Each structure stands twice: as C-alpha cells, then as structure tokens.
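Contents: one structure, followed by commentary.
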Amino acid sequence: AQSVTQLDSQVPVFEEAPVELRCNYSSSVSVYLFWYVQYPNQGLQLLLKYLSGSTLVKGINGFEAEFNKSQTSFHLRKPSVHISDTAEYFCAVSDHDTGGFKTIFGAGTRLFVKA
Amino acid sequence: NAGVTQTPKFQVLKTGQSMTLQCAQDMNHEYMSWYRQDPGMGLRLIHYSVGAGITDQGEVPNGYNVSRSTTEDFPLRLLSAAPSQTSVYFCASRDPGQGAYEQYFGPGTRLTVT
C-alpha cells in the first residue's frame with residue numbers, strides 16, 4: 001500500500017523569501033508523483049508532476065520539485081514567494097501497477113505568505 | 001471547454017435524507033473519481049470509474065453509491081445522510097490515453113449534514 005506524508009501542516013513565510021514544502025512517500029512499486037495547489041474555495045490544480053526521466057521537475061508559477069528515490073521524497077520549492085502563492089498544497093502519488101488511476105493524497109500543507 | 005462541473009455548490013441535509021451530487025465533464029475523459037476533503041486528512045477516494053458502466057470502490061465507499069451510464073456524467077448518491085458525511089466533495093477526471101496521469105478537478109460541493 002502507498003502512503004504520503006507531508007511533514008508540515010502549515011508554513012508561514014515572508015514575501016520574496018524561499019520556501020520548501022516537504023513530502024515523503026512510501027510504495028513497494030514505482031510511482032508517479034504530483035503536487036497540486038488549492039486556492040481558497042476552489043478545486044485542485046496541477047502544479048507539476050514526475051513521471052520519469054529528470055529528477056528535477058519544473059512546474060507553473062515558478063515552482064519546482066526534486067524526486068529523490070533513495071529518500072522517497074518529492075519536496076516542492078520556490079526561490080521567491082509572492083502573496084498570491086498563499087494556498088494549500090497537496091503532494092500525491094499514483095502507482096504504475098494500477099495504471100495511475102488510484103491516487104493517494106497527503107494531508108496538505110497550508111502556505112501562508114506574509115507581507 | 002467547461003472542464004469538470006459540479007452541482008450544487010452548497011447543500012445542507014438533515015440526517016437520514018438522501019441526495020445526489022452531480023458531476024459532469026466535457027473533455028471525453030474515461031476516468032472519473034469522487035473524493036472527500038476533510039481538514040487535516042487531505043483528499044480520500046470514495047469511488048472511481050474507468051469508463052461507462054464500470055465503477056469500483058475507493059478508500060471510503062461506505063454510505064455512497066455511484067453509477068456511470070455515460071462518459072460525461074458520474075453522479076454520487078448519499079443513501080441516508082449522516083453527520084460524518086459533512087465534508088467538501090470533489091469530482092475529478094483524467095484521460096488515460098495521454099499517459100499524463102494528472103487529474104482535473106471540479107470546484108467542489110460543500111455538504112453539511114445536521
């Protein structure tokens with residue numbers, strides 16, 4: 001069985017500071033990894049994904065994430081955050097064996113960007 | 001394209017009532033799923049469908065029914081609402097043919113059961 005752990009439930013940060021949102025996963029098979037963002041009162045939108053290939057993945061809005069297979073991590077980073085990045089961020093994993101249609105989500109990390 | 005649409009946006013039910021949450025997508029996606037979102041628990045899969053006429057249970061299926069008669073629609077039925085079903089419900093779809101695996105989410109239905 002797979003699981004996803006987001007290590008921080010809330011991350012406050014000042015505008016223009018760097019941020020890292022941490023995600024660890026466990027799975028006995030190969031996985032696909034995702035980060036989604038949820039703005040207040042909206043559905044989830046895809047930020048970025050790792051399917052294969054380069055372990056550094058770039059997404060929308062200046063975010064990037066690095067897949068580390070040995071540490072089973074997929075941390076999300078942004079070098080300089082904006083007020084508009086305030087949202088909840090979800091790490092998610094789908095395993096190759098089920099064709100990727102069963103996705104497990106982490107509990108979420110609420111990013112709060114302060115002026 | 002409207003993407004994934006959900007109705008209603010808000011709903012209040014009394015314990016024991018039944019209702020159907022509607023979900024539709026216009027992207028011709030084969031895969032559709034229903035999730036519930038509860039504070040501190042992320043999204044949990046209720047039911048999913050890999051095509052018209054094919055559905056299966058997810059992580060938390062009890063108290064919910066689904067059917068998939070068309071590619072576009074995937075309604076979620078609450079048979080006898082309970083306070084534990086107070087949650088925000090999201091419908092999502094995905095195109096398995098793209099090999100991209102990301103899901104497209106609707107705006108959600110906020111359900112309160114009193």
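Residue numbers start at 1 in each chain; chains themselves are named A, B, ... in the order of the structure tokens; ligands are numbered from 1 in the order shown.
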Using only C-alpha atoms, I'd like a table of the residues in chain B that come within 12 Å of chain A; for each, show the closest atom pair and its distance in Å rounded to one decimal, ordered by chain and ascending number, as a tab-separated table.
residue	atom	partner	partner_atom	distance
B:Gly3	CA	A:Gly43	CA	11.7
B:Val4	CA	A:Gly43	CA	9.9
B:Thr5	CA	A:Gly43	CA	10.4
B:Gln6	CA	A:Gly43	CA	10.5
B:Lys9	CA	A:Asn41	CA	10.2
B:Phe10	CA	A:Asn41	CA	11.4
B:Glu30	CA	A:Phe101	CA	10.5
B:Tyr31	CA	A:Phe101	CA	7.4
B:Met32	CA	A:Phe101	CA	8.8
B:Ser33	CA	A:Phe101	CA	8.7
B:Trp34	CA	A:Lys102	CA	11.1
B:Tyr35	CA	A:Phe105	CA	10.2
B:Arg36	CA	A:Phe105	CA	11.1
B:Gln37	CA	A:Ala107	CA	9.3
B:Asp38	CA	A:Ala107	CA	8.9
B:Pro39	CA	A:Ala107	CA	8.0
B:Gly40	CA	A:Ala107	CA	5.3
B:Met41	CA	A:Ala107	CA	4.5
B:Gly42	CA	A:Ala107	CA	3.8
B:Leu43	CA	A:Phe105	CA	5.7
B:Arg44	CA	A:Phe105	CA	7.1
B:Leu45	CA	A:Ile104	CA	7.8
B:Ile46	CA	A:Lys102	CA	10.7
B:His47	CA	A:Lys102	CA	10.0
B:Tyr48	CA	A:Lys102	CA	8.4
B:Ser49	CA	A:Phe101	CA	9.1
B:Val50	CA	A:Phe101	CA	8.2
B:Gly51	CA	A:Phe101	CA	11.8
B:Asp56	CA	A:Lys102	CA	10.7
B:Gln57	CA	A:Lys102	CA	10.4
B:Gly58	CA	A:Lys102	CA	8.0
B:Glu59	CA	A:Ile104	CA	9.4
B:Val88	CA	A:Asn41	CA	10.0
B:Tyr89	CA	A:Gly43	CA	9.7
B:Phe90	CA	A:Gly43	CA	7.2
B:Cys91	CA	A:Gly43	CA	9.0
B:Ala92	CA	A:Leu44	CA	9.2
B:Ser93	CA	A:Phe101	CA	9.7
B:Arg94	CA	A:Phe101	CA	8.1
B:Asp95	CA	A:Phe101	CA	9.8
B:Pro96	CA	A:Gly99	CA	8.0
B:Gly97	CA	A:Gly99	CA	10.5
B:Gln98	CA	A:Gly100	CA	11.7
B:Gly99	CA	A:Gly100	CA	8.9
B:Ala100	CA	A:Leu51	CA	7.8
B:Tyr101	CA	A:Gly100	CA	6.0
B:Glu102	CA	A:Leu46	CA	7.0
B:Gln103	CA	A:Leu46	CA	7.6
B:Tyr104	CA	A:Gln45	CA	7.1
B:Phe105	CA	A:Gly43	CA	5.6
B:Gly106	CA	A:Gly43	CA	5.6
B:Pro107	CA	A:Gly43	CA	4.4
B:Gly108	CA	A:Gly43	CA	6.1
B:Thr109	CA	A:Gly43	CA	9.8
B:Arg110	CA	A:Asn41	CA	9.6
**Prompt:** Hey, what's within 12 Å of Ala82 (chain B) if we count only C-alpha atoms and toss same-chain stuff fewer than 6 positions away? As a PyMOL selection string, please?
**Reply:** chain B and resi 12-19+62-64+111-114
As a check of understanding: the span from CA of Val19 (chain A) to CA of Leu76 (chain A) is 8.1 Å
Between CA of Lys114 (chain A) and CA of Ser84 (chain A) lies a distance of 10.1 Å
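We find CA of Pro12 (chain A) and CA of Lys58 (chain A) to be spaced 22.6 Å apart.
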* Counting only C-alpha atoms, which of A:Val4, A:Pro79, A:Glu66, A:Val11 gets nearest to Gly53 (chain A)? ->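 The shortest atom-to-atom distance to Gly53 (chain A) comes from A:Glu66.
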What parts of region 7-67 of chain B does DSSP call strand (DSSP E or B)? I'd like the answer as number ranges by chain. B: 7, 10-13, 19-25, 31-38, 42-51, 54-57, 64-66
Got a sec: who's within 8 Å of Leu56 (chain A), counting only C-alpha atoms, leaving out chain neighbours fewer than 4 positions off, as a PDB file with C-alpha atoms, in the first residue's frame?
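Below you can see out-v9.pdb, which holds the result:
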ATOM      1  CA  GLU A  64       9.967  23.101  -8.880  1.00  0.00           C
ATOM      2  CA  ALA A  65      10.338  19.740  -7.158  1.00  0.00           C
ATOM      3  CA  GLU A  66      13.036  17.126  -6.918  1.00  0.00           C
ATOM      4  CA  PHE A  67      12.373  13.398  -6.905  1.00  0.00           C
TER       5      PHE A  67
END
